[in-house]
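Trainee: Dumping the structure here so I can ask a few things about it.
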Amino acid sequence: MQRAVYPGSFDPITYGHLDIIDRAAEVFDEVIVLIMYNDEKTGTFTVEERLDMVQNVIKKYDNVTVMAGDGLTVDMARKLGANILIRGIRAVTDYEYEMQLATANMVLAEDVHTVFLVAKPEYSFLSSSTAKSIAKCKGDISSFVPDYVREKMEEKYGYHYE
Ligand code: ADP
């Protein structure tokens with residue numbers, strides 16, 4: 001049984017993350033979306049809010065679950081009995097950072113393997129921060145995040161896009 005962990009901030013989850021989840025759910029038996037938080041760095045959404053949003057948008061998968069964790073990702077993966085870390089690559093700009101992360105994780109844990117997945121080209125520009133920048137200006141974020149997340153973001157930024 002291949003259990004994979006998909007770690008990230010998911011602050012909040014976007015269609016880009018979901019595309020990666022969709023692919024991972026096909027390739028692996030079990031996928032755990034792992035919302036990594038760190039006490040010094042507060043996000044836009046609380047961990048509870050992020051958990052709620054992910055829970056809501058992964059309902060259709062019977063092999064995908066979500067949980068939150070802190071500390072080292074490789075330690076969390078080991079605790080969860082997973083030896084695969086999934087990361088998504090958007091454009092070359094992600095490559096250097098992701099390589100550093102994957103290499104550091106390899107040094108920390110030889111038995112945990114990073115697998116990179118690529119999302120559809122239309123999501124290659126998409127990040128949580130892009131969606132948030134648009135929401136800050138009360139713009140239409142419906143192409144970036146699922147409806148449930150859009151509602152939560154509009155609530156957070158105090159508007160309703162018609
Ligand atoms: P982090 O804060 O650890 O970068 P994110 O929540 O931003 O976490 O992203 C988690 C993972 O998902 C990262 O590997 C990131 O590159 C990937 N990802 C995010 N958005 C996209 C996208 N639009 N297409 C492909 N991968 C993505």
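Lettering and numbering for the structure tokens are positional, with chains as A, B, ... in the shown order, residues counted from 1 in each chain, and ligands counted from 1 in the shown order.
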Write as a PyMOL selection string the residues around ligand 1, taking 6 Å as the cut-off and counting only C-alpha atoms and all ligand atoms.
Mentor: chain A and resi 8-10+16-17+87-90+118-119+123-124+126-127
Trainee: With N, CA, C and O atoms retained, could you export that selection as a JSON list (two decimals), in the first residue's frame?
Mentor:
[["chain", "number", "residue", "atom", "x", "y", "z"],
["A", 8, "GLY", "N", 1.96, 21.30, 2.80],
["A", 8, "GLY", "CA", 1.98, 22.68, 2.31],
["A", 8, "GLY", "C", 1.27, 23.59, 3.29],
["A", 8, "GLY", "O", 0.81, 23.14, 4.35],
["A", 9, "SER", "N", 1.18, 24.86, 2.92],
["A", 9, "SER", "CA", 0.48, 25.82, 3.80],
["A", 9, "SER", "C", -1.02, 25.81, 3.52],
["A", 9, "SER", "O", -1.81, 26.05, 4.42],
["A", 10, "PHE", "N", -1.39, 25.64, 2.27],
["A", 10, "PHE", "CA", -2.80, 25.61, 1.86],
["A", 10, "PHE", "C", -3.56, 26.79, 2.49],
["A", 10, "PHE", "O", -4.59, 26.61, 3.13],
["A", 16, "GLY", "N", -5.14, 24.89, -8.13],
["A", 16, "GLY", "CA", -3.81, 24.34, -8.43],
["A", 16, "GLY", "C", -3.50, 23.17, -7.50],
["A", 16, "GLY", "O", -3.10, 22.09, -7.93],
["A", 17, "HIS", "N", -3.71, 23.40, -6.17],
["A", 17, "HIS", "CA", -3.51, 22.32, -5.20],
["A", 17, "HIS", "C", -4.43, 21.14, -5.52],
["A", 17, "HIS", "O", -4.03, 19.98, -5.45],
["A", 87, "ARG", "N", 4.97, 17.04, -4.00],
["A", 87, "ARG", "CA", 5.06, 18.50, -4.14],
["A", 87, "ARG", "C", 4.66, 18.83, -5.57],
["A", 87, "ARG", "O", 4.79, 18.01, -6.48],
["A", 88, "GLY", "N", 4.16, 20.04, -5.76],
["A", 88, "GLY", "CA", 3.75, 20.45, -7.09],
["A", 88, "GLY", "C", 4.75, 21.43, -7.67],
["A", 88, "GLY", "O", 5.33, 22.23, -6.94],
["A", 89, "ILE", "N", 4.95, 21.33, -8.97],
["A", 89, "ILE", "CA", 5.86, 22.28, -9.63],
["A", 89, "ILE", "C", 5.02, 23.10, -10.60],
["A", 89, "ILE", "O", 4.29, 22.55, -11.42],
["A", 90, "ARG", "N", 5.08, 24.40, -10.44],
["A", 90, "ARG", "CA", 4.35, 25.27, -11.36],
["A", 90, "ARG", "C", 5.24, 25.62, -12.55],
["A", 90, "ARG", "O", 5.10, 25.08, -13.63],
["A", 118, "VAL", "N", 2.92, 17.70, -11.79],
["A", 118, "VAL", "CA", 2.73, 18.96, -12.53],
["A", 118, "VAL", "C", 1.24, 19.17, -12.76],
["A", 118, "VAL", "O", 0.54, 18.25, -13.19],
["A", 119, "ALA", "N", 0.78, 20.38, -12.46],
["A", 119, "ALA", "CA", -0.65, 20.68, -12.66],
["A", 119, "ALA", "C", -0.90, 21.13, -14.09],
["A", 119, "ALA", "O", 0.04, 21.39, -14.86],
["A", 123, "TYR", "N", -3.16, 26.32, -14.58],
["A", 123, "TYR", "CA", -2.94, 26.61, -13.16],
["A", 123, "TYR", "C", -1.50, 26.99, -12.86],
["A", 123, "TYR", "O", -1.12, 27.16, -11.71],
["A", 124, "SER", "N", -0.68, 27.06, -13.92],
["A", 124, "SER", "CA", 0.74, 27.24, -13.68],
["A", 124, "SER", "C", 1.07, 28.61, -13.05],
["A", 124, "SER", "O", 2.13, 28.79, -12.49],
["A", 126, "LEU", "N", -0.98, 29.97, -10.80],
["A", 126, "LEU", "CA", -1.89, 30.10, -9.66],
["A", 126, "LEU", "C", -1.26, 29.74, -8.31],
["A", 126, "LEU", "O", -0.68, 28.67, -8.13],
["A", 127, "SER", "N", -1.38, 30.66, -7.37],
["A", 127, "SER", "CA", -0.90, 30.40, -6.01],
["A", 127, "SER", "C", -1.92, 30.98, -5.04],
["A", 127, "SER", "O", -2.75, 31.82, -5.42]]
Trainee: To test your reading of the structure, identify every residue in chain A that backbone DSSP assigns to strand (DSSP E or B), and report it as a PDB file with all heavy atoms, in the first residue's frame.
Mentor:
ATOM      1  N   ARG A   3       1.186   4.995   0.673  1.00  0.00           N
ATOM      2  CA  ARG A   3       0.560   6.143   1.326  1.00  0.00           C
ATOM      3  C   ARG A   3       1.444   7.372   1.112  1.00  0.00           C
ATOM      4  O   ARG A   3       2.648   7.328   1.407  1.00  0.00           O
ATOM      5  CB  ARG A   3       0.409   5.858   2.817  1.00  0.00           C
ATOM      6  CG  ARG A   3      -0.231   6.999   3.572  1.00  0.00           C
ATOM      7  CD  ARG A   3      -0.437   6.643   5.028  1.00  0.00           C
ATOM      8  NE  ARG A   3      -1.400   5.574   5.175  1.00  0.00           N
ATOM      9  CZ  ARG A   3      -1.435   4.735   6.224  1.00  0.00           C
ATOM     10  NH1 ARG A   3      -0.545   4.842   7.184  1.00  0.00           N
ATOM     11  NH2 ARG A   3      -2.361   3.806   6.308  1.00  0.00           N
ATOM     12  N   ALA A   4       0.856   8.441   0.580  1.00  0.00           N
ATOM     13  CA  ALA A   4       1.631   9.651   0.301  1.00  0.00           C
ATOM     14  C   ALA A   4       1.081  10.825   1.096  1.00  0.00           C
ATOM     15  O   ALA A   4      -0.112  10.903   1.378  1.00  0.00           O
ATOM     16  CB  ALA A   4       1.562   9.965  -1.187  1.00  0.00           C
ATOM     17  N   VAL A   5       1.990  11.725   1.431  1.00  0.00           N
ATOM     18  CA  VAL A   5       1.613  12.931   2.158  1.00  0.00           C
ATOM     19  C   VAL A   5       1.827  14.123   1.225  1.00  0.00           C
ATOM     20  O   VAL A   5       2.833  14.175   0.518  1.00  0.00           O
ATOM     21  CB  VAL A   5       2.507  13.036   3.432  1.00  0.00           C
ATOM     22  CG1 VAL A   5       2.609  14.452   3.906  1.00  0.00           C
ATOM     23  CG2 VAL A   5       1.967  12.147   4.543  1.00  0.00           C
ATOM     24  N   TYR A   6       0.864  15.029   1.190  1.00  0.00           N
ATOM     25  CA  TYR A   6       1.010  16.252   0.377  1.00  0.00           C
ATOM     26  C   TYR A   6       1.075  17.436   1.346  1.00  0.00           C
ATOM     27  O   TYR A   6       0.055  17.933   1.790  1.00  0.00           O
ATOM     28  CB  TYR A   6      -0.184  16.356  -0.580  1.00  0.00           C
ATOM     29  CG  TYR A   6      -0.201  17.593  -1.471  1.00  0.00           C
ATOM     30  CD1 TYR A   6       0.966  18.248  -1.847  1.00  0.00           C
ATOM     31  CD2 TYR A   6      -1.403  18.104  -1.958  1.00  0.00           C
ATOM     32  CE1 TYR A   6       0.945  19.369  -2.670  1.00  0.00           C
ATOM     33  CE2 TYR A   6      -1.437  19.231  -2.777  1.00  0.00           C
ATOM     34  CZ  TYR A   6      -0.261  19.853  -3.128  1.00  0.00           C
ATOM     35  OH  TYR A   6      -0.294  20.973  -3.935  1.00  0.00           O
ATOM     36  N   PRO A   7       2.301  17.868   1.696  1.00  0.00           N
ATOM     37  CA  PRO A   7       2.436  18.937   2.673  1.00  0.00           C
ATOM     38  C   PRO A   7       2.428  20.328   2.039  1.00  0.00           C
ATOM     39  O   PRO A   7       2.823  20.489   0.885  1.00  0.00           O
ATOM     40  CB  PRO A   7       3.820  18.660   3.282  1.00  0.00           C
ATOM     41  CG  PRO A   7       4.587  18.038   2.160  1.00  0.00           C
ATOM     42  CD  PRO A   7       3.605  17.352   1.252  1.00  0.00           C
ATOM     43  N   GLY A   8       1.964  21.303   2.802  1.00  0.00           N
ATOM     44  CA  GLY A   8       1.979  22.680   2.314  1.00  0.00           C
ATOM     45  C   GLY A   8       1.270  23.586   3.291  1.00  0.00           C
ATOM     46  O   GLY A   8       0.815  23.135   4.349  1.00  0.00           O
ATOM     47  N   GLU A  30      -3.374   5.998  -0.967  1.00  0.00           N
ATOM     48  CA  GLU A  30      -3.890   6.905   0.049  1.00  0.00           C
ATOM     49  C   GLU A  30      -3.110   8.211   0.009  1.00  0.00           C
ATOM     50  O   GLU A  30      -1.880   8.185  -0.091  1.00  0.00           O
ATOM     51  CB  GLU A  30      -3.634   6.271   1.421  1.00  0.00           C
ATOM     52  CG  GLU A  30      -4.886   5.996   2.228  1.00  0.00           C
ATOM     53  CD  GLU A  30      -4.502   5.546   3.616  1.00  0.00           C
ATOM     54  OE1 GLU A  30      -4.137   6.403   4.429  1.00  0.00           O
ATOM     55  OE2 GLU A  30      -4.532   4.326   3.856  1.00  0.00           O
ATOM     56  N   VAL A  31      -3.826   9.320   0.105  1.00  0.00           N
ATOM     57  CA  VAL A  31      -3.156  10.626   0.105  1.00  0.00           C
ATOM     58  C   VAL A  31      -3.607  11.399   1.344  1.00  0.00           C
ATOM     59  O   VAL A  31      -4.801  11.508   1.622  1.00  0.00           O
ATOM     60  CB  VAL A  31      -3.512  11.446  -1.165  1.00  0.00           C
ATOM     61  CG1 VAL A  31      -2.871  12.827  -1.133  1.00  0.00           C
ATOM     62  CG2 VAL A  31      -3.104  10.692  -2.428  1.00  0.00           C
ATOM     63  N   ILE A  32      -2.635  11.912   2.080  1.00  0.00           N
ATOM     64  CA  ILE A  32      -2.964  12.736   3.250  1.00  0.00           C
ATOM     65  C   ILE A  32      -2.485  14.163   2.961  1.00  0.00           C
ATOM     66  O   ILE A  32      -1.293  14.408   2.773  1.00  0.00           O
ATOM     67  CB  ILE A  32      -2.270  12.211   4.534  1.00  0.00           C
ATOM     68  CG1 ILE A  32      -2.659  10.746   4.783  1.00  0.00           C
ATOM     69  CG2 ILE A  32      -2.633  13.088   5.739  1.00  0.00           C
ATOM     70  CD1 ILE A  32      -1.823  10.049   5.844  1.00  0.00           C
ATOM     71  N   VAL A  33      -3.431  15.077   2.876  1.00  0.00           N
ATOM     72  CA  VAL A  33      -3.078  16.492   2.708  1.00  0.00           C
ATOM     73  C   VAL A  33      -2.660  16.975   4.091  1.00  0.00           C
ATOM     74  O   VAL A  33      -3.415  16.844   5.059  1.00  0.00           O
ATOM     75  CB  VAL A  33      -4.285  17.308   2.185  1.00  0.00           C
ATOM     76  CG1 VAL A  33      -3.924  18.780   2.062  1.00  0.00           C
ATOM     77  CG2 VAL A  33      -4.789  16.742   0.855  1.00  0.00           C
ATOM     78  N   LEU A  34      -1.444  17.493   4.180  1.00  0.00           N
ATOM     79  CA  LEU A  34      -0.898  17.843   5.487  1.00  0.00           C
ATOM     80  C   LEU A  34      -0.682  19.358   5.570  1.00  0.00           C
ATOM     81  O   LEU A  34       0.220  19.898   4.930  1.00  0.00           O
ATOM     82  CB  LEU A  34       0.421  17.080   5.683  1.00  0.00           C
ATOM     83  CG  LEU A  34       1.098  17.194   7.029  1.00  0.00           C
ATOM     84  CD1 LEU A  34       0.207  16.703   8.162  1.00  0.00           C
ATOM     85  CD2 LEU A  34       2.397  16.386   7.009  1.00  0.00           C
ATOM     86  N   ILE A  35      -1.525  19.997   6.350  1.00  0.00           N
ATOM     87  CA  ILE A  35      -1.398  21.450   6.518  1.00  0.00           C
ATOM     88  C   ILE A  35      -0.318  21.697   7.559  1.00  0.00           C
ATOM     89  O   ILE A  35      -0.495  21.412   8.738  1.00  0.00           O
ATOM     90  CB  ILE A  35      -2.748  22.063   6.953  1.00  0.00           C
ATOM     91  CG1 ILE A  35      -3.811  21.770   5.886  1.00  0.00           C
ATOM     92  CG2 ILE A  35      -2.592  23.560   7.207  1.00  0.00           C
ATOM     93  CD1 ILE A  35      -5.198  22.228   6.235  1.00  0.00           C
ATOM     94  N   MET A  36       0.828  22.181   7.085  1.00  0.00           N
ATOM     95  CA  MET A  36       1.952  22.406   7.988  1.00  0.00           C
ATOM     96  C   MET A  36       1.868  23.831   8.529  1.00  0.00           C
ATOM     97  O   MET A  36       1.727  24.782   7.770  1.00  0.00           O
ATOM     98  CB  MET A  36       3.278  22.206   7.251  1.00  0.00           C
ATOM     99  CG  MET A  36       3.547  20.767   6.854  1.00  0.00           C
ATOM    100  SD  MET A  36       3.563  19.602   8.247  1.00  0.00           S
ATOM    101  CE  MET A  36       5.096  20.020   9.065  1.00  0.00           C
ATOM    102  N   ASN A  38       3.341  26.718  11.603  1.00  0.00           N
ATOM    103  CA  ASN A  38       4.480  27.011  12.456  1.00  0.00           C
ATOM    104  C   ASN A  38       4.078  28.208  13.296  1.00  0.00           C
ATOM    105  O   ASN A  38       3.488  29.162  12.808  1.00  0.00           O
ATOM    106  CB  ASN A  38       5.672  27.118  11.502  1.00  0.00           C
ATOM    107  CG  ASN A  38       6.589  28.279  11.645  1.00  0.00           C
ATOM    108  OD1 ASN A  38       6.577  28.999  12.633  1.00  0.00           O
ATOM    109  ND2 ASN A  38       7.400  28.464  10.619  1.00  0.00           N
ATOM    110  N   LYS A  41       4.877  31.811  12.398  1.00  0.00           N
ATOM    111  CA  LYS A  41       4.376  32.382  11.146  1.00  0.00           C
ATOM    112  C   LYS A  41       2.870  32.172  11.059  1.00  0.00           C
ATOM    113  O   LYS A  41       2.410  31.059  10.818  1.00  0.00           O
ATOM    114  CB  LYS A  41       5.081  31.654   9.977  1.00  0.00           C
ATOM    115  CG  LYS A  41       5.075  32.426   8.690  1.00  0.00           C
ATOM    116  CD  LYS A  41       5.834  31.650   7.624  1.00  0.00           C
ATOM    117  CE  LYS A  41       4.961  31.449   6.399  1.00  0.00           C
ATOM    118  NZ  LYS A  41       5.427  30.391   5.529  1.00  0.00           N
ATOM    119  N   VAL A  64      -8.538  10.292   0.016  1.00  0.00           N
ATOM    120  CA  VAL A  64      -7.818  11.520   0.408  1.00  0.00           C
ATOM    121  C   VAL A  64      -8.352  12.019   1.748  1.00  0.00           C
ATOM    122  O   VAL A  64      -9.567  12.122   1.930  1.00  0.00           O
ATOM    123  CB  VAL A  64      -7.963  12.630  -0.658  1.00  0.00           C
ATOM    124  CG1 VAL A  64      -7.180  13.884  -0.263  1.00  0.00           C
ATOM    125  CG2 VAL A  64      -7.530  12.144  -2.040  1.00  0.00           C
ATOM    126  N   THR A  65      -7.441  12.307   2.668  1.00  0.00           N
ATOM    127  CA  THR A  65      -7.835  12.876   3.968  1.00  0.00           C
ATOM    128  C   THR A  65      -6.968  14.102   4.234  1.00  0.00           C
ATOM    129  O   THR A  65      -6.005  14.355   3.508  1.00  0.00           O
ATOM    130  CB  THR A  65      -7.619  11.856   5.122  1.00  0.00           C
ATOM    131  OG1 THR A  65      -6.277  11.376   5.041  1.00  0.00           O
ATOM    132  CG2 THR A  65      -8.591  10.695   5.050  1.00  0.00           C
ATOM    133  N   VAL A  66      -7.317  14.840   5.285  1.00  0.00           N
ATOM    134  CA  VAL A  66      -6.527  16.028   5.601  1.00  0.00           C
ATOM    135  C   VAL A  66      -6.232  16.052   7.093  1.00  0.00           C
ATOM    136  O   VAL A  66      -7.038  15.578   7.897  1.00  0.00           O
ATOM    137  CB  VAL A  66      -7.261  17.326   5.170  1.00  0.00           C
ATOM    138  CG1 VAL A  66      -8.596  17.506   5.860  1.00  0.00           C
ATOM    139  CG2 VAL A  66      -6.390  18.560   5.404  1.00  0.00           C
ATOM    140  N   MET A  67      -5.065  16.589   7.431  1.00  0.00           N
ATOM    141  CA  MET A  67      -4.746  16.818   8.835  1.00  0.00           C
ATOM    142  C   MET A  67      -3.715  17.941   8.941  1.00  0.00           C
ATOM    143  O   MET A  67      -3.166  18.379   7.926  1.00  0.00           O
ATOM    144  CB  MET A  67      -4.262  15.543   9.512  1.00  0.00           C
ATOM    145  CG  MET A  67      -3.020  14.936   8.925  1.00  0.00           C
ATOM    146  SD  MET A  67      -2.585  13.447   9.817  1.00  0.00           S
ATOM    147  CE  MET A  67      -2.202  14.149  11.409  1.00  0.00           C
ATOM    148  N   ALA A  68      -3.501  18.411  10.167  1.00  0.00           N
ATOM    149  CA  ALA A  68      -2.535  19.498  10.350  1.00  0.00           C
ATOM    150  C   ALA A  68      -1.337  18.973  11.121  1.00  0.00           C
ATOM    151  O   ALA A  68      -1.455  18.001  11.879  1.00  0.00           O
ATOM    152  CB  ALA A  68      -3.191  20.637  11.106  1.00  0.00           C
ATOM    153  N   GLY A  69      -0.193  19.589  10.901  1.00  0.00           N
ATOM    154  CA  GLY A  69       0.995  19.143  11.614  1.00  0.00           C
ATOM    155  C   GLY A  69       2.010  20.261  11.725  1.00  0.00           C
ATOM    156  O   GLY A  69       1.946  21.246  10.988  1.00  0.00           O
ATOM    157  N   ILE A  84       6.281   8.793   1.063  1.00  0.00           N
ATOM    158  CA  ILE A  84       6.273   9.647  -0.132  1.00  0.00           C
ATOM    159  C   ILE A  84       5.772  11.042   0.216  1.00  0.00           C
ATOM    160  O   ILE A  84       4.741  11.195   0.878  1.00  0.00           O
ATOM    161  CB  ILE A  84       5.383   9.042  -1.242  1.00  0.00           C
ATOM    162  CG1 ILE A  84       6.016   7.741  -1.754  1.00  0.00           C
ATOM    163  CG2 ILE A  84       5.197  10.015  -2.414  1.00  0.00           C
ATOM    164  CD1 ILE A  84       5.029   6.775  -2.279  1.00  0.00           C
ATOM    165  N   LEU A  85       6.519  12.055  -0.259  1.00  0.00           N
ATOM    166  CA  LEU A  85       6.085  13.446  -0.118  1.00  0.00           C
ATOM    167  C   LEU A  85       5.741  13.941  -1.507  1.00  0.00           C
ATOM    168  O   LEU A  85       6.561  13.820  -2.422  1.00  0.00           O
ATOM    169  CB  LEU A  85       7.218  14.330   0.427  1.00  0.00           C
ATOM    170  CG  LEU A  85       7.747  14.067   1.837  1.00  0.00           C
ATOM    171  CD1 LEU A  85       8.848  15.089   2.153  1.00  0.00           C
ATOM    172  CD2 LEU A  85       6.622  14.187   2.866  1.00  0.00           C
ATOM    173  N   ILE A  86       4.562  14.481  -1.662  1.00  0.00           N
ATOM    174  CA  ILE A  86       4.175  15.021  -2.967  1.00  0.00           C
ATOM    175  C   ILE A  86       4.374  16.527  -2.934  1.00  0.00           C
ATOM    176  O   ILE A  86       4.014  17.196  -1.970  1.00  0.00           O
ATOM    177  CB  ILE A  86       2.685  14.736  -3.251  1.00  0.00           C
ATOM    178  CG1 ILE A  86       2.462  13.242  -3.350  1.00  0.00           C
ATOM    179  CG2 ILE A  86       2.217  15.432  -4.529  1.00  0.00           C
ATOM    180  CD1 ILE A  86       1.040  12.863  -3.136  1.00  0.00           C
ATOM    181  N   ARG A  87       4.965  17.040  -4.004  1.00  0.00           N
ATOM    182  CA  ARG A  87       5.058  18.502  -4.140  1.00  0.00           C
ATOM    183  C   ARG A  87       4.662  18.830  -5.569  1.00  0.00           C
ATOM    184  O   ARG A  87       4.795  18.008  -6.481  1.00  0.00           O
ATOM    185  CB  ARG A  87       6.484  19.002  -3.860  1.00  0.00           C
ATOM    186  CG  ARG A  87       6.940  18.805  -2.432  1.00  0.00           C
ATOM    187  CD  ARG A  87       6.257  19.695  -1.448  1.00  0.00           C
ATOM    188  NE  ARG A  87       6.648  21.099  -1.608  1.00  0.00           N
ATOM    189  CZ  ARG A  87       6.158  22.077  -0.846  1.00  0.00           C
ATOM    190  NH1 ARG A  87       5.270  21.816   0.105  1.00  0.00           N
ATOM    191  NH2 ARG A  87       6.547  23.318  -1.039  1.00  0.00           N
ATOM    192  N   GLY A  88       4.161  20.038  -5.758  1.00  0.00           N
ATOM    193  CA  GLY A  88       3.748  20.449  -7.090  1.00  0.00           C
ATOM    194  C   GLY A  88       4.749  21.431  -7.667  1.00  0.00           C
ATOM    195  O   GLY A  88       5.333  22.232  -6.939  1.00  0.00           O
ATOM    196  N   ILE A  89       4.952  21.332  -8.972  1.00  0.00           N
ATOM    197  CA  ILE A  89       5.856  22.280  -9.630  1.00  0.00           C
ATOM    198  C   ILE A  89       5.019  23.102 -10.597  1.00  0.00           C
ATOM    199  O   ILE A  89       4.294  22.547 -11.417  1.00  0.00           O
ATOM    200  CB  ILE A  89       6.966  21.545 -10.419  1.00  0.00           C
ATOM    201  CG1 ILE A  89       7.852  20.708  -9.506  1.00  0.00           C
ATOM    202  CG2 ILE A  89       7.776  22.523 -11.263  1.00  0.00           C
ATOM    203  CD1 ILE A  89       9.105  21.365  -9.007  1.00  0.00           C
ATOM    204  N   HIS A 113      10.698   9.717   0.110  1.00  0.00           N
ATOM    205  CA  HIS A 113      10.973  10.152  -1.258  1.00  0.00           C
ATOM    206  C   HIS A 113      10.036  11.275  -1.692  1.00  0.00           C
ATOM    207  O   HIS A 113       8.830  11.194  -1.471  1.00  0.00           O
ATOM    208  CB  HIS A 113      10.811   8.967  -2.222  1.00  0.00           C
ATOM    209  CG  HIS A 113      11.510   7.741  -1.738  1.00  0.00           C
ATOM    210  ND1 HIS A 113      12.885   7.620  -1.751  1.00  0.00           N
ATOM    211  CD2 HIS A 113      11.026   6.607  -1.180  1.00  0.00           C
ATOM    212  CE1 HIS A 113      13.207   6.442  -1.230  1.00  0.00           C
ATOM    213  NE2 HIS A 113      12.103   5.816  -0.882  1.00  0.00           N
ATOM    214  N   THR A 114      10.615  12.301  -2.337  1.00  0.00           N
ATOM    215  CA  THR A 114       9.774  13.389  -2.857  1.00  0.00           C
ATOM    216  C   THR A 114       9.382  13.072  -4.291  1.00  0.00           C
ATOM    217  O   THR A 114      10.228  12.723  -5.116  1.00  0.00           O
ATOM    218  CB  THR A 114      10.531  14.733  -2.813  1.00  0.00           C
ATOM    219  OG1 THR A 114      10.848  15.022  -1.448  1.00  0.00           O
ATOM    220  CG2 THR A 114       9.691  15.865  -3.374  1.00  0.00           C
ATOM    221  N   VAL A 115       8.098  13.198  -4.573  1.00  0.00           N
ATOM    222  CA  VAL A 115       7.600  12.992  -5.932  1.00  0.00           C
ATOM    223  C   VAL A 115       6.982  14.302  -6.395  1.00  0.00           C
ATOM    224  O   VAL A 115       6.122  14.869  -5.718  1.00  0.00           O
ATOM    225  CB  VAL A 115       6.540  11.852  -5.961  1.00  0.00           C
ATOM    226  CG1 VAL A 115       5.887  11.759  -7.334  1.00  0.00           C
ATOM    227  CG2 VAL A 115       7.165  10.523  -5.584  1.00  0.00           C
ATOM    228  N   PHE A 116       7.440  14.806  -7.541  1.00  0.00           N
ATOM    229  CA  PHE A 116       6.898  16.050  -8.083  1.00  0.00           C
ATOM    230  C   PHE A 116       5.798  15.756  -9.085  1.00  0.00           C
ATOM    231  O   PHE A 116       5.955  14.912  -9.966  1.00  0.00           O
ATOM    232  CB  PHE A 116       7.989  16.862  -8.793  1.00  0.00           C
ATOM    233  CG  PHE A 116       9.045  17.383  -7.862  1.00  0.00           C
ATOM    234  CD1 PHE A 116      10.375  17.010  -8.011  1.00  0.00           C
ATOM    235  CD2 PHE A 116       8.705  18.253  -6.829  1.00  0.00           C
ATOM    236  CE1 PHE A 116      11.351  17.489  -7.145  1.00  0.00           C
ATOM    237  CE2 PHE A 116       9.678  18.737  -5.958  1.00  0.00           C
ATOM    238  CZ  PHE A 116      10.998  18.352  -6.113  1.00  0.00           C
ATOM    239  N   LEU A 117       4.698  16.465  -8.954  1.00  0.00           N
ATOM    240  CA  LEU A 117       3.619  16.352  -9.928  1.00  0.00           C
ATOM    241  C   LEU A 117       3.406  17.717 -10.562  1.00  0.00           C
ATOM    242  O   LEU A 117       3.702  18.754  -9.950  1.00  0.00           O
ATOM    243  CB  LEU A 117       2.329  15.873  -9.241  1.00  0.00           C
ATOM    244  CG  LEU A 117       2.347  14.446  -8.684  1.00  0.00           C
ATOM    245  CD1 LEU A 117       1.074  14.145  -7.903  1.00  0.00           C
ATOM    246  CD2 LEU A 117       2.527  13.420  -9.792  1.00  0.00           C
ATOM    247  N   VAL A 118       2.919  17.705 -11.785  1.00  0.00           N
ATOM    248  CA  VAL A 118       2.728  18.959 -12.525  1.00  0.00           C
ATOM    249  C   VAL A 118       1.237  19.166 -12.763  1.00  0.00           C
ATOM    250  O   VAL A 118       0.538  18.246 -13.186  1.00  0.00           O
ATOM    251  CB  VAL A 118       3.491  18.886 -13.875  1.00  0.00           C
ATOM    252  CG1 VAL A 118       3.264  20.144 -14.704  1.00  0.00           C
ATOM    253  CG2 VAL A 118       4.977  18.666 -13.629  1.00  0.00           C
TER     254      VAL A 118
END
Trainee: Between atom CA of Ser128 of chain A and atom CA of Thr103 of chain A, what is the distance, to one decimal in Å?
Mentor: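 Going from atom CA of Ser128 of chain A over to atom CA of Thr103 of chain A, I get 24.2 Å.
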Trainee: Find the residues of segment 11-92 of chain A that sit at most 12 Å from segment 156-159 of chain A; for each, write down the nearest two atoms and how far apart they are in Å, to one decimal. Count only C-alpha atoms. Sort by chain, then by number going up, and give it as JSON lines.
Mentor:
{"residue": "A:Pro12", "atom": "CA", "partner": "A:Lys156", "partner_atom": "CA", "distance": 11.4}
{"residue": "A:Thr44", "atom": "CA", "partner": "A:Lys156", "partner_atom": "CA", "distance": 8.9}
{"residue": "A:Phe45", "atom": "CA", "partner": "A:Lys156", "partner_atom": "CA", "distance": 8.5}
{"residue": "A:Thr46", "atom": "CA", "partner": "A:Lys156", "partner_atom": "CA", "distance": 11.2}
{"residue": "A:Glu49", "atom": "CA", "partner": "A:Lys156", "partner_atom": "CA", "distance": 10.7}
Trainee: Restrict the selected residues to C-alpha atoms and save them as an mmCIF file, in the first residue's frame.
Mentor:
data_model
loop_
_atom_site.group_PDB
_atom_site.id
_atom_site.type_symbol
_atom_site.label_atom_id
_atom_site.label_comp_id
_atom_site.auth_asym_id
_atom_site.auth_seq_id
_atom_site.Cartn_x
_atom_site.Cartn_y
_atom_site.Cartn_z
ATOM 1 C CA PRO A 12 -6.055 28.672 1.333
ATOM 2 C CA THR A 44 -4.138 34.528 6.599
ATOM 3 C CA PHE A 45 -6.483 31.728 7.621
ATOM 4 C CA THR A 46 -6.255 29.841 10.910
ATOM 5 C CA GLU A 49 -10.234 27.387 8.776
#
Trainee: For atom CA of Leu72 of chain A and atom CA of Ile13 of chain A, quote the distance in Å rounded to one decimal.
Mentor: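 Going from atom CA of Leu72 of chain A over to atom CA of Ile13 of chain A covers 20.8 Å.
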Trainee: What's the separation between atom CA of Glu26 of chain A and atom CA of Pro146 of chain A, in Å to one decimal place?
Mentor: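 Taking atom CA of Glu26 of chain A and atom CA of Pro146 of chain A, their separation equals 20.2 Å.
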Trainee: With distances taken over only C-alpha atoms, which of A:Lys120, A:Lys132, A:Lys152, A:Arg50 is nearest to Tyr37 of chain A?
Mentor: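 Looking at the shortest contact to Tyr37 of chain A, the residue is A:Arg50.
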Trainee: Using only C-alpha atoms for the distances, tell me which of A:Phe125, A:Phe144, A:Tyr95, A:Phe28 is nearest to Asn83 of chain A.
Mentor: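 Of all the options, A:Phe28 lies closest to Asn83 of chain A.
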Trainee: If you run DSSP on the backbone, which residues of chain A are helix (DSSP H, G or I), as a ChimeraX atom specification?
Mentor: /A:15-27,47-57,73-79,92-108,121-123,128-136,147-157
Trainee: My list of candidates is A:Ser142, A:His160, A:Ala109, A:Tyr148. Which is closest to Met76 of chain A when distances are computed with only C-alpha atoms?
Mentor: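 Smallest separation from Met76 of chain A among the options: A:Ala109.
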Trainee: Which of these, A:Val54, A:Glu110, A:Lys60, A:Gln100, has the shortest distance to Val74 of chain A once you count only C-alpha atoms?
Mentor: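 Selected residue with least distance to Val74 of chain A: A:Glu110.
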